[in-house]
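Here's entry01.txt, which has compact mmCIF, C-alpha atoms:
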```txt
# COMPACT_ATOMS: atom_id res chain seq x y z
CA MET B 20 -50.65 40.20 -84.91
CA THR B 21 -53.91 41.25 -86.53
CA VAL B 22 -55.43 44.73 -86.19
CA ARG B 23 -58.53 43.09 -84.75
CA LEU B 24 -56.45 41.39 -82.06
CA SER B 25 -54.77 44.70 -81.19
CA LEU B 26 -58.21 46.28 -80.74
CA ILE B 27 -59.31 43.41 -78.48
CA LEU B 28 -56.17 43.84 -76.38
CA ALA B 29 -56.80 47.58 -76.04
CA LEU B 30 -60.37 46.94 -74.91
CA SER B 31 -59.09 44.30 -72.49
CA THR B 32 -56.73 46.87 -70.94
CA LEU B 33 -59.61 49.32 -70.48
CA ALA B 34 -61.79 46.61 -68.95
CA LEU B 35 -58.97 45.66 -66.58
CA ALA B 36 -58.70 49.26 -65.36
CA GLU B 37 -62.45 49.40 -64.73
CA GLU B 38 -62.47 46.07 -62.87
CA GLU B 39 -59.58 47.19 -60.66
CA LYS B 40 -61.42 50.45 -59.95
CA GLU B 41 -64.60 48.57 -59.03
CA CYS B 42 -62.67 46.11 -56.90
CA ASN B 43 -60.87 48.87 -54.99
CA GLY B 44 -64.24 50.39 -54.18
CA ALA B 45 -65.40 47.32 -52.31
CA GLU B 46 -65.96 47.41 -48.57
CA GLY B 47 -62.68 47.84 -46.74
CA GLY B 48 -60.92 48.77 -50.00
CA VAL B 49 -60.26 45.15 -50.99
CA CYS B 50 -62.68 42.86 -52.79
CA GLU B 51 -63.20 39.20 -51.92
CA LEU B 52 -61.43 38.07 -55.07
CA GLN B 53 -58.30 39.99 -54.12
CA LYS B 54 -58.36 38.49 -50.63
CA GLY B 55 -57.98 35.07 -52.25
CA VAL B 56 -60.99 33.62 -50.40
CA ILE B 57 -62.55 32.33 -53.62
CA HIS B 58 -62.04 28.56 -53.85
CA PRO B 59 -60.58 27.48 -57.22
CA GLU B 60 -63.51 25.08 -57.71
CA ASN B 61 -65.81 28.13 -57.81
CA LEU B 62 -63.89 29.35 -60.86
CA SER B 63 -63.60 26.08 -62.76
CA PRO B 64 -64.68 22.48 -62.25
CA TYR B 65 -61.16 21.54 -63.36
CA ALA B 66 -59.30 23.32 -60.53
CA SER B 67 -59.02 22.79 -56.78
CA TYR B 68 -56.67 23.16 -53.83
CA ILE B 69 -53.98 20.53 -53.31
CA ASN B 70 -54.32 20.93 -49.54
CA GLU B 71 -57.37 22.32 -47.75
CA ASN B 72 -55.26 24.05 -45.07
CA PRO B 73 -52.52 26.68 -45.51
CA ARG B 74 -48.91 25.62 -45.07
CA ASP B 75 -47.73 25.52 -41.45
CA THR B 76 -45.13 28.29 -41.42
CA ASN B 77 -43.90 27.27 -37.96
CA LYS B 78 -42.39 24.02 -39.21
CA PRO B 79 -38.58 24.15 -39.59
CA GLU B 80 -38.81 22.60 -43.08
CA GLN B 81 -40.18 25.26 -45.44
CA PRO B 82 -40.11 25.45 -49.27
CA MET B 83 -37.45 27.79 -50.57
CA SER B 84 -35.23 28.41 -53.56
CA ALA B 85 -31.44 28.65 -53.50
CA LYS B 86 -28.77 29.82 -55.91
CA PHE B 87 -25.54 27.78 -56.09
CA ILE B 88 -22.41 29.38 -57.57
CA ASN B 89 -19.61 27.06 -58.73
CA LEU B 90 -16.18 28.76 -58.78
CA LEU B 91 -14.03 25.63 -59.10
CA GLY B 92 -13.51 25.86 -62.84
CA GLU B 93 -14.93 22.37 -63.41
CA SER B 94 -18.34 20.75 -63.07
CA VAL B 95 -19.31 19.32 -59.68
CA SER B 96 -21.82 16.64 -58.75
CA LYS B 97 -24.62 17.67 -56.40
CA PHE B 98 -25.97 15.28 -53.75
CA TRP B 99 -28.80 15.59 -51.26
CA ASP B 100 -27.87 14.20 -47.84
CA ASN B 101 -30.78 11.80 -47.37
CA GLY B 102 -29.14 9.90 -44.51
CA THR B 103 -27.40 7.31 -46.67
CA PRO B 104 -23.59 7.18 -46.95
CA SER B 105 -23.57 8.19 -50.62
CA GLY B 106 -26.51 10.62 -50.59
CA LYS B 107 -28.92 11.05 -53.50
CA TYR B 108 -27.46 12.28 -56.79
CA GLN B 109 -29.07 15.53 -58.00
CA GLY B 110 -27.16 16.17 -61.21
CA LYS B 111 -24.20 18.27 -62.33
CA ILE B 112 -23.57 21.95 -61.71
CA GLN B 113 -21.31 23.50 -64.31
CA THR B 114 -19.00 26.46 -63.67
CA GLY B 115 -21.31 29.40 -63.04
CA GLU B 116 -24.63 29.47 -61.23
CA SER B 117 -27.71 27.30 -60.89
CA SER B 118 -31.05 27.88 -59.12
CA HIS B 119 -32.93 25.07 -57.39
CA GLY B 120 -36.15 24.60 -55.47
CA THR B 121 -35.56 22.94 -52.10
CA TYR B 122 -36.50 23.09 -48.40
CA SER B 123 -34.91 24.79 -45.43
CA THR B 124 -32.92 22.38 -43.19
CA HIS B 125 -32.04 20.16 -46.18
CA VAL B 126 -28.32 19.50 -46.61
CA PHE B 127 -26.51 19.31 -49.96
CA PHE B 128 -22.90 18.38 -50.61
CA PHE B 129 -20.78 18.56 -53.75
CA ARG B 130 -18.02 16.39 -55.16
CA ASP B 131 -15.45 17.26 -57.82
CA ASN B 132 -14.51 15.00 -60.73
CA LYS B 133 -12.12 13.04 -58.46
CA GLY B 134 -14.87 12.33 -55.95
CA ARG B 135 -13.60 14.73 -53.30
CA GLU B 136 -16.18 16.64 -51.27
CA VAL B 137 -15.71 20.36 -52.01
CA GLY B 138 -18.67 21.85 -50.18
CA ARG B 139 -21.54 21.03 -47.82
CA TYR B 140 -24.37 23.45 -47.07
CA THR B 141 -27.49 23.46 -44.90
CA MET B 142 -30.34 25.36 -46.53
CA ARG B 143 -31.53 28.44 -44.62
CA LEU B 144 -34.43 30.75 -45.40
CA ASP B 145 -32.24 33.81 -44.74
CA GLU B 146 -29.39 32.66 -47.03
CA PRO B 147 -30.10 32.95 -50.78
CA MET B 148 -26.64 32.13 -52.19
CA TYR B 149 -24.20 29.27 -51.66
CA ILE B 150 -20.72 29.64 -53.20
CA ILE B 151 -18.97 26.35 -54.00
CA HIS B 152 -15.18 26.62 -53.58
CA ASP B 153 -12.35 24.74 -51.90
CA ASN B 154 -10.88 27.66 -49.92
CA ARG B 155 -8.04 28.27 -52.37
CA PRO B 156 -6.60 31.77 -51.76
CA GLU B 157 -6.71 32.60 -55.48
CA ILE B 158 -10.49 32.10 -55.38
CA LEU B 159 -11.13 33.89 -52.08
CA ASN B 160 -8.97 36.87 -53.15
CA SER B 161 -10.38 37.09 -56.67
CA GLU B 162 -12.47 39.96 -58.01
CA THR B 163 -15.12 37.41 -59.00
CA TYR B 164 -15.52 36.29 -55.40
CA ARG B 165 -15.66 39.87 -54.11
CA ASN B 166 -18.33 40.75 -56.69
CA LEU B 167 -20.34 37.70 -55.67
CA LEU B 168 -20.39 38.93 -52.08
CA LYS B 169 -21.85 42.22 -53.38
CA ASP B 170 -24.42 40.29 -55.42
CA ARG B 171 -25.29 38.31 -52.32
CA GLN B 172 -26.21 41.52 -50.53
CA PHE B 173 -28.51 42.44 -53.42
CA LEU B 174 -30.17 39.03 -53.12
CA ILE B 175 -30.72 39.53 -49.40
CA ASP B 176 -32.11 43.05 -49.88
CA TYR B 177 -34.35 41.90 -52.75
CA LYS B 178 -35.87 39.09 -50.69
CA ASN B 179 -36.42 41.41 -47.72
CA ARG B 180 -38.18 43.86 -50.03
CA THR B 181 -40.26 41.48 -52.14
CA GLY B 182 -40.49 38.22 -50.18
CA GLN B 183 -39.05 36.37 -53.19
CA PRO B 184 -35.52 35.08 -53.78
CA TRP B 185 -33.71 36.48 -56.82
CA LEU B 186 -33.20 33.46 -59.11
CA SER B 187 -32.37 35.08 -62.43
CA VAL B 188 -28.93 36.15 -63.60
CA TYR B 189 -27.94 39.44 -61.99
CA PRO B 190 -28.24 42.06 -63.28
CA ARG B 191 -31.03 41.38 -65.79
CA ASN B 192 -33.36 43.71 -67.66
CA LYS B 193 -37.14 43.47 -67.54
CA PRO B 194 -38.61 40.93 -70.00
CA HIS B 195 -39.29 42.02 -73.57
CA LEU B 196 -42.35 39.81 -73.97
CA HIS B 197 -45.91 40.39 -72.80
CA ILE B 198 -47.13 39.07 -69.45
CA TRP B 199 -50.89 38.87 -69.03
CA PRO B 200 -51.88 40.75 -65.84
CA ALA B 201 -53.48 38.69 -63.07
CA PRO B 202 -54.99 41.38 -60.79
CA PHE B 203 -57.28 38.97 -58.94
CA ILE B 204 -58.54 35.41 -58.95
CA GLY B 205 -61.16 34.95 -61.65
CA HIS B 206 -60.13 37.89 -63.81
CA THR B 207 -60.61 37.06 -67.51
CA HIS B 208 -58.90 38.37 -70.64
CA THR B 209 -60.66 37.78 -73.97
CA VAL B 210 -58.59 37.51 -77.14
CA LYS B 211 -59.87 37.04 -80.69
CA SER B 212 -57.73 34.97 -83.04
CA SER B 213 -58.54 34.62 -86.73
CA TYR B 214 -56.98 31.12 -86.73
CA GLY B 215 -59.97 28.91 -86.03
CA HIS B 216 -60.14 25.24 -85.08
CA TRP B 217 -59.72 22.35 -87.51
CA ASN B 218 -62.56 19.84 -87.13
CA GLY B 219 -60.96 17.14 -89.25
CA GLU B 220 -62.44 18.43 -92.50
CA ALA B 221 -62.32 22.24 -92.45
CA PHE B 222 -61.24 25.24 -90.40
CA ASN B 223 -63.74 27.33 -88.46
CA SER B 224 -63.89 30.53 -90.51
CA ASP B 225 -65.16 32.52 -87.50
CA GLY B 226 -61.79 32.22 -85.77
CA PHE B 227 -61.44 31.53 -82.06
CA ASP B 228 -62.35 33.56 -78.98
CA ALA B 229 -59.93 32.70 -76.18
CA LYS B 230 -60.94 33.34 -72.59
CA ILE B 231 -57.84 33.51 -70.40
CA VAL B 232 -59.10 32.94 -66.84
CA THR B 233 -56.90 33.71 -63.82
CA LEU B 234 -56.67 30.69 -61.50
CA ALA B 235 -53.84 32.03 -59.31
CA THR B 236 -52.00 35.32 -58.97
CA GLN B 237 -48.82 34.00 -57.31
CA PRO B 238 -47.69 32.34 -59.49
CA LYS B 239 -49.66 33.69 -62.43
CA VAL B 240 -51.67 30.68 -63.67
CA PHE B 241 -54.40 30.87 -66.31
CA LEU B 242 -56.87 28.40 -67.80
CA ILE B 243 -57.70 28.57 -71.52
CA GLU B 244 -60.50 26.16 -72.40
CA ASN B 245 -60.80 24.65 -75.90
CA LEU B 246 -57.56 26.17 -77.17
CA ILE B 247 -57.18 23.31 -79.64
CA SER B 248 -59.81 21.01 -81.14
CA GLU B 249 -60.09 17.25 -80.69
CA ALA B 250 -58.88 16.73 -84.27
CA GLU B 251 -55.88 18.95 -83.55
CA CYS B 252 -55.13 16.96 -80.38
CA ASP B 253 -55.17 13.76 -82.42
CA HIS B 254 -52.85 15.32 -84.98
CA ILE B 255 -50.25 16.31 -82.36
CA ILE B 256 -50.35 12.85 -80.75
CA ASP B 257 -50.01 11.16 -84.14
CA LEU B 258 -46.96 13.27 -85.00
CA ALA B 259 -45.27 12.44 -81.70
CA ARG B 260 -46.34 8.84 -81.04
CA ASN B 261 -43.44 7.13 -82.82
CA ARG B 262 -40.70 9.39 -81.47
CA ILE B 263 -41.33 9.56 -77.71
CA ALA B 264 -38.66 8.09 -75.42
CA GLN B 265 -37.70 8.04 -71.73
CA SER B 266 -37.83 11.49 -70.11
CA PHE B 267 -34.74 12.80 -68.34
CA ILE B 268 -33.90 15.36 -65.64
CA GLY B 269 -31.54 18.23 -66.46
CA ASN B 270 -30.41 19.76 -69.72
CA SER B 271 -28.45 18.59 -72.77
CA GLY B 272 -25.29 16.67 -71.84
CA ASP B 273 -26.01 16.79 -68.10
CA ALA B 274 -29.43 15.13 -68.32
CA PHE B 275 -29.97 11.92 -66.35
CA LYS B 276 -32.72 9.40 -65.68
CA ASP B 277 -34.39 9.70 -62.27
CA GLU B 278 -37.44 8.30 -60.49
CA THR B 279 -38.74 11.86 -60.01
CA ARG B 280 -39.66 11.91 -63.72
CA THR B 281 -41.08 8.72 -65.16
CA SER B 282 -42.82 9.83 -68.37
CA ARG B 283 -41.81 9.58 -72.04
CA THR B 284 -41.08 12.62 -74.19
CA GLY B 285 -40.84 13.61 -77.87
CA TRP B 286 -40.43 16.85 -79.85
CA ILE B 287 -42.15 18.18 -82.98
CA GLU B 288 -41.42 21.36 -84.93
CA ARG B 289 -44.16 23.70 -86.13
CA THR B 290 -43.06 23.22 -89.77
CA GLU B 291 -43.80 19.49 -89.73
CA SER B 292 -47.34 20.08 -90.98
CA ASP B 293 -49.45 22.95 -92.28
CA LEU B 294 -51.98 22.25 -89.53
CA LEU B 295 -49.39 22.54 -86.76
CA ASN B 296 -48.15 25.79 -88.26
CA HIS B 297 -51.74 27.08 -88.23
CA ILE B 298 -52.08 26.11 -84.55
CA PHE B 299 -48.89 27.98 -83.70
CA LYS B 300 -50.38 31.14 -85.24
CA ARG B 301 -53.30 30.79 -82.82
CA PHE B 302 -50.84 30.35 -79.95
CA ALA B 303 -49.13 33.61 -80.95
CA ASP B 304 -52.42 35.50 -80.72
CA VAL B 305 -53.25 34.02 -77.31
CA LEU B 306 -49.77 34.84 -75.97
CA HIS B 307 -49.92 38.39 -77.41
CA MET B 308 -46.89 37.74 -79.59
CA GLU B 309 -46.04 38.18 -83.26
CA ASP B 310 -46.23 34.93 -85.20
CA HIS B 311 -42.56 35.00 -86.26
CA GLN B 312 -41.52 35.11 -82.58
CA LEU B 313 -42.81 31.55 -82.19
CA ASN B 314 -40.39 30.27 -84.81
CA HIS B 315 -37.76 27.96 -83.38
CA ASN B 316 -34.91 30.29 -84.39
CA MET B 317 -36.51 33.06 -82.32
CA ASN B 318 -38.35 32.60 -79.01
CA ALA B 319 -40.10 29.20 -79.11
CA GLU B 320 -38.80 25.69 -78.60
CA PRO B 321 -40.27 22.87 -80.66
CA LEU B 322 -43.46 21.49 -79.13
CA GLN B 323 -42.68 18.93 -76.42
CA VAL B 324 -45.17 16.05 -76.25
CA VAL B 325 -45.24 13.97 -73.06
CA HIS B 326 -46.94 10.65 -72.38
CA TYR B 327 -47.66 9.26 -68.90
CA ASN B 328 -48.94 5.78 -68.09
CA THR B 329 -50.71 4.84 -64.85
CA ASN B 330 -48.57 5.60 -61.75
CA GLN B 331 -46.20 7.89 -63.67
CA HIS B 332 -45.48 11.47 -62.62
CA TYR B 333 -43.01 14.38 -62.62
CA TYR B 334 -42.11 15.73 -59.17
CA ASN B 335 -41.70 19.42 -58.25
CA HIS B 336 -39.49 21.37 -60.67
CA PHE B 337 -38.99 24.72 -62.40
CA ASP B 338 -39.17 25.11 -66.16
CA PHE B 339 -36.41 27.75 -66.15
CA PHE B 340 -32.74 26.93 -65.69
CA TYR B 341 -29.44 28.80 -65.68
CA THR B 342 -27.96 29.38 -69.15
CA GLY B 343 -24.96 31.61 -68.40
CA THR B 344 -26.76 34.44 -70.23
CA ASN B 345 -29.81 36.65 -69.75
CA ARG B 346 -31.87 34.19 -71.83
CA TYR B 347 -34.41 32.19 -69.86
CA ARG B 348 -37.58 30.21 -70.35
CA PHE B 349 -40.25 32.82 -69.87
CA SER B 350 -43.64 31.10 -70.13
CA THR B 351 -45.20 27.66 -70.48
CA LEU B 352 -48.32 26.86 -72.48
CA LEU B 353 -49.32 23.36 -71.32
CA MET B 354 -52.02 21.64 -73.38
CA TYR B 355 -53.96 18.55 -72.35
CA LEU B 356 -54.39 16.21 -75.33
CA ASN B 357 -56.71 13.57 -73.83
CA ASN B 358 -59.50 13.41 -71.27
CA ALA B 359 -59.20 11.83 -67.83
CA THR B 360 -60.95 8.46 -67.59
CA SER B 361 -62.77 9.58 -64.40
CA PRO B 362 -62.70 12.37 -61.79
CA LYS B 363 -60.38 10.14 -59.74
CA ALA B 364 -57.90 9.55 -62.56
CA GLY B 365 -55.35 12.07 -61.28
CA GLY B 366 -52.70 13.40 -63.65
CA GLY B 367 -53.29 17.08 -63.02
CA THR B 368 -50.72 19.84 -62.92
CA GLY B 369 -49.94 21.07 -59.41
CA PHE B 370 -48.56 24.41 -58.19
CA PRO B 371 -47.67 23.63 -54.56
CA LYS B 372 -46.71 27.20 -53.58
CA ALA B 373 -49.95 28.82 -54.76
CA TYR B 374 -52.63 29.97 -52.31
CA LYS B 375 -50.14 30.38 -49.45
CA GLY B 376 -49.21 26.72 -49.49
CA ARG B 377 -52.66 25.25 -50.08
CA GLY B 378 -51.48 24.71 -53.62
CA LEU B 379 -53.44 24.63 -56.86
CA LYS B 380 -54.09 21.57 -59.02
CA VAL B 381 -55.60 21.76 -62.50
CA ARG B 382 -56.80 18.91 -64.70
CA PRO B 383 -58.56 20.51 -67.69
CA PRO B 384 -60.35 18.55 -70.43
CA ARG B 385 -58.93 17.61 -73.78
CA GLY B 386 -57.93 20.59 -75.90
CA SER B 387 -57.68 23.01 -72.97
CA ALA B 388 -54.47 24.65 -71.76
CA VAL B 389 -52.80 25.98 -68.64
CA LEU B 390 -50.63 29.07 -69.14
CA PHE B 391 -48.12 30.15 -66.50
CA TYR B 392 -45.07 32.37 -66.36
CA SER B 393 -41.60 31.46 -65.13
CA MET B 394 -40.56 35.11 -65.11
CA LEU B 395 -41.73 38.17 -63.21
CA GLU B 396 -42.18 41.68 -64.57
CA ASP B 397 -38.82 42.81 -63.13
CA GLY B 398 -36.81 40.07 -64.91
CA ASN B 399 -36.52 37.72 -61.94
CA CYS B 400 -37.44 34.05 -62.29
CA ASP B 401 -40.56 33.22 -60.26
CA HIS B 402 -39.92 31.11 -57.16
CA TYR B 403 -43.67 30.39 -57.01
CA SER B 404 -43.76 28.87 -60.52
CA GLU B 405 -42.48 25.53 -59.20
CA HIS B 406 -44.92 22.86 -60.37
CA THR B 407 -45.46 19.13 -60.61
CA GLY B 408 -47.03 16.56 -62.91
CA LEU B 409 -49.26 14.75 -60.43
CA HIS B 410 -49.49 10.95 -60.42
CA VAL B 411 -51.71 9.38 -63.06
CA LEU B 412 -53.96 7.07 -61.05
CA GLU B 413 -56.04 5.67 -63.93
CA GLY B 414 -55.48 5.36 -67.65
CA GLU B 415 -52.93 7.49 -69.48
CA LYS B 416 -52.14 11.17 -69.95
CA TRP B 417 -50.99 13.05 -73.05
CA VAL B 418 -49.85 16.67 -72.76
CA SER B 419 -47.75 19.07 -74.81
CA ASN B 420 -45.60 22.00 -73.69
CA LEU B 421 -44.81 25.13 -75.66
CA TRP B 422 -41.87 26.87 -73.97
CA VAL B 423 -41.23 30.51 -74.86
CA TRP B 424 -37.93 32.26 -74.10
CA ASP B 425 -37.08 35.88 -73.31
CA PRO B 426 -35.44 37.73 -74.95
CA LEU B 427 -34.51 34.86 -77.32
CA ARG B 428 -33.87 31.14 -77.08
CA MET B 429 -30.57 29.90 -75.68
CA GLY B 430 -28.06 29.39 -78.46
CA VAL B 431 -30.03 31.51 -80.94
CA THR B 432 -28.20 34.43 -82.53
CA GLY B 433 -29.69 37.53 -84.07
```

Can you give me the file's structure in the form of structure tokens?
Amino acid sequence: MTVRLSLILALSTLALAEEEKECNGAEGGVCELQKGVIHPENLSPYASYINENPRDTNKPEQPMSAKFINLLGESVSKFWDNGTPSGKYQGKIQTGESSHGTYSTHVFFFRDNKGREVGRYTMRLDEPMYIIHDNRPEILNSETYRNLLKDRQFLIDYKNRTGQPWLSVYPRNKPHLHIWPAPFIGHTHTVKSSYGHWNGEAFNSDGFDAKIVTLATQPKVFLIENLISEAECDHIIDLARNRIAQSFIGNSGDAFKDETRTSRTGWIERTESDLLNHIFKRFADVLHMEDHQLNHNMNAEPLQVVHYNTNQHYYNHFDFFYTGTNRYRFSTLLMYLNNATSPKAGGGTGFPKAYKGRGLKVRPPRGSAVLFYSMLEDGNCDHYSEHTGLHVLEGEKWVSNLWVWDPLRMGVTG
């Protein structure tokens, strides 16, 4: 990180303190921005509510997150009871734990490798943990089971205290990496990077001034316009075009094809071109990280490039997932690589839990990025970070994801 960038960050911290002081001095002690009454469209022409009215909290079906713990010593298949005899397959849960976004009143059941049902649970807002077992005495009398009951009490107390479910491994330390503060809607951080845009012929020697604009505070969502140039967008698409294939749900050997995700996906490493390596250095500045941390043997995955055709989408999901360790996906830098064909083209990114259930949708122009965090300052994974790739209604959509892990990537040593 450059000395100049460190100075900018210090000035940004001072400016943040002054803005908070000014905001707290508003009538009634709370400014309009903190009340959340500012419509997203007043901040950016690329953002708006998903729903104009808040979520009806009196309905029995409410969005929630649940933690499933598998004690059977073998993987189990998860099914949603959708009213059909076989249910809808939701993937495998390995031995250990797994966090999922769902809705209260929904029912899930689990089958072992022989097809036997080994658990059935109705989701409840006041129950954060569901332990999958088959009532064997050796499980119910084990120290592991007794410790889980203690952990369950922590989960209940945490939710009562914070309003959020605890979705991370427990216990877990606070994250090592920087989280940009989001004190109120519209707050802006300014970061200077010396790694300027490539225009197809030369780099901008003046560097790049990134404005990181807060679009939502829960979850923390930011808009960064013009993060990459049109020529850089073309370069990323060209690198990925011949390697994209059907997208899957899940991770590694448990991934499966599903109608909830209908795009195509490919991966490119930062070392595949000098230009991409240069772009990654700019990303490091914007994320307030050292450049080496964005190497793939440290904190960053290779760049994921995703292509959607008309009518394709990716339904609600989290970017984080259980790894069996304290290593989790920490943040997502989502870049839009092409422009929408019209204002009605769809294809935005939606955060359905933002704005008390009104939701936030963002469809920035080519070269702009949406930054959001999957982790909170206390080390918990953020229940509100659930998001969706909205249906593409016209044309096509190209995006790329940079996923950053804390404290290191899964499977990385050192």

### Message
Would you compute the distance between CA of Thr141 (chain B) and CA of Gly398 (chain B)? Give it in Å to one decimal.
### Response
27.6 Å

### Message
For a test of reading the model, state the distance in Å between CA of Pro194 (chain B) and CA of Glu116 (chain B), rounded to one decimal.
### Response
20.1 Å

### Query
For Val381 (chain B), which residue among B:Glu405, B:Asp310, B:Glu249, B:Glu60 is the nearest when counting only C-alpha atoms?
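For Val381 (chain B), the nearest of the given residues is B:Glu60.
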
### Message
Quick check, in Å to one decimal: how far apart do CA of Ser84 (chain B) and CA of Asp170 (chain B) lie?
### Response
16.2 Å

### Nearest residue to Asn223 (chain B) from the set B:Val137, B:Ile151, B:Ile69, B:Ile247 (distances using only C-alpha atoms)
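Looking only at the distances to Asn223 (chain B), the closest residue turns out to be B:Ile247.
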
#### Entry: Contacts of Ile255 (chain B) at 12 Å (only C-alpha atoms; same-chain gap of 4+ positions) as a PyMOL selection string
chain B and resi 247-251+259-262+285-289+291-296+298-299+322-326+354-357+386+417-420

### Task
Tell me which protein, DNA and RNA residues are within 10 Å of Trp99 (chain B), counting all atoms listed in the file, leaving out same-chain ones fewer than 6 positions away, and put them as a PyMOL selection string.
chain B and resi 105-109+125-129+139-140

#### Entry: Shell around Ser117 (chain B) at 12 Å using all atoms listed in the file, local window under 6 positions removed, as number ranges by chain
B: 84-90, 94-95, 97, 110-111, 147-151, 185-188, 269-270, 337, 339-344, 400

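Each of B:Val305, B:Val389, B:Leu167, B:Leu409 was compared to Gly369 (chain B) using only C-alpha atoms, and B:Leu409 turns out to be the nearest.
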
### Message
Let me make sure I understand: among B:Tyr333, B:Tyr214, B:Tyr164, B:Phe173, which one has the smallest atom-to-atom distance to Thr368 (chain B) if we use only C-alpha atoms?
### Response
B:Tyr333

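Nearest residue to Arg348 (chain B), choosing from B:Tyr403, B:Trp422, B:Phe391, B:Phe370 and counting all atoms listed in the file: B:Trp422.
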
### Summary
Across B:Pro79, B:Pro383, B:Pro321, B:Gly414, the smallest distance to Ile243 (chain B), with only C-alpha atoms counted, is shown by B:Pro383

Tell me which protein, DNA and RNA residues are within 6 Å of region 225-231 of chain B, counting only C-alpha atoms, leaving out same-chain ones fewer than 5 positions away, and put them as an mmCIF file with C-alpha atoms, in the coordinates of the input.
```cif
data_model
loop_
_atom_site.group_PDB
_atom_site.id
_atom_site.type_symbol
_atom_site.label_atom_id
_atom_site.label_comp_id
_atom_site.auth_asym_id
_atom_site.auth_seq_id
_atom_site.Cartn_x
_atom_site.Cartn_y
_atom_site.Cartn_z
ATOM 1 C CA THR B 207 -60.610 37.060 -67.510
ATOM 2 C CA HIS B 208 -58.900 38.370 -70.640
ATOM 3 C CA THR B 209 -60.660 37.780 -73.970
ATOM 4 C CA VAL B 210 -58.590 37.510 -77.140
ATOM 5 C CA LYS B 211 -59.870 37.040 -80.690
ATOM 6 C CA SER B 212 -57.730 34.970 -83.040
ATOM 7 C CA SER B 213 -58.540 34.620 -86.730
ATOM 8 C CA TYR B 214 -56.980 31.120 -86.730
ATOM 9 C CA GLY B 215 -59.970 28.910 -86.030
ATOM 10 C CA PHE B 241 -54.400 30.870 -66.310
ATOM 11 C CA LEU B 242 -56.870 28.400 -67.800
ATOM 12 C CA ILE B 243 -57.700 28.570 -71.520
#
```

Complete the atoms of region 132-136 of chain B to all heavy atoms and put them out as a compact mmCIF listing (two decimals), keeping the file's coordinate frame.
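File rebuild30.txt, as written:
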```txt
# COMPACT_ATOMS: atom_id res chain seq x y z
N ASN B 132 -14.61 16.13 -59.79
CA ASN B 132 -14.51 15.00 -60.73
C ASN B 132 -13.66 13.86 -60.19
O ASN B 132 -13.66 12.75 -60.74
CB ASN B 132 -13.93 15.49 -62.06
CG ASN B 132 -14.90 16.42 -62.78
OD1 ASN B 132 -16.11 16.29 -62.62
ND2 ASN B 132 -14.37 17.35 -63.56
N LYS B 133 -12.90 14.10 -59.09
CA LYS B 133 -12.12 13.04 -58.46
C LYS B 133 -12.84 12.43 -57.26
O LYS B 133 -12.29 11.58 -56.57
CB LYS B 133 -10.77 13.59 -58.02
CG LYS B 133 -9.89 14.03 -59.19
CD LYS B 133 -8.55 14.55 -58.69
CE LYS B 133 -7.67 14.98 -59.87
NZ LYS B 133 -6.35 15.50 -59.41
N GLY B 134 -14.08 12.88 -57.03
CA GLY B 134 -14.87 12.33 -55.95
C GLY B 134 -14.66 12.99 -54.60
O GLY B 134 -15.22 12.54 -53.60
N ARG B 135 -13.86 14.05 -54.56
CA ARG B 135 -13.60 14.73 -53.30
C ARG B 135 -14.75 15.69 -52.96
O ARG B 135 -15.24 16.41 -53.84
CB ARG B 135 -12.28 15.52 -53.37
CG ARG B 135 -11.06 14.65 -53.59
CD ARG B 135 -9.81 15.49 -53.76
NE ARG B 135 -9.91 16.36 -54.94
CZ ARG B 135 -8.90 17.04 -55.45
NH1 ARG B 135 -7.70 16.96 -54.89
NH2 ARG B 135 -9.07 17.81 -56.51
N GLU B 136 -15.14 15.71 -51.69
CA GLU B 136 -16.18 16.64 -51.27
C GLU B 136 -15.59 18.05 -51.21
O GLU B 136 -14.58 18.29 -50.55
CB GLU B 136 -16.75 16.25 -49.91
CG GLU B 136 -17.91 17.13 -49.48
CD GLU B 136 -18.61 16.63 -48.22
OE1 GLU B 136 -18.91 15.41 -48.15
OE2 GLU B 136 -18.84 17.47 -47.32
```
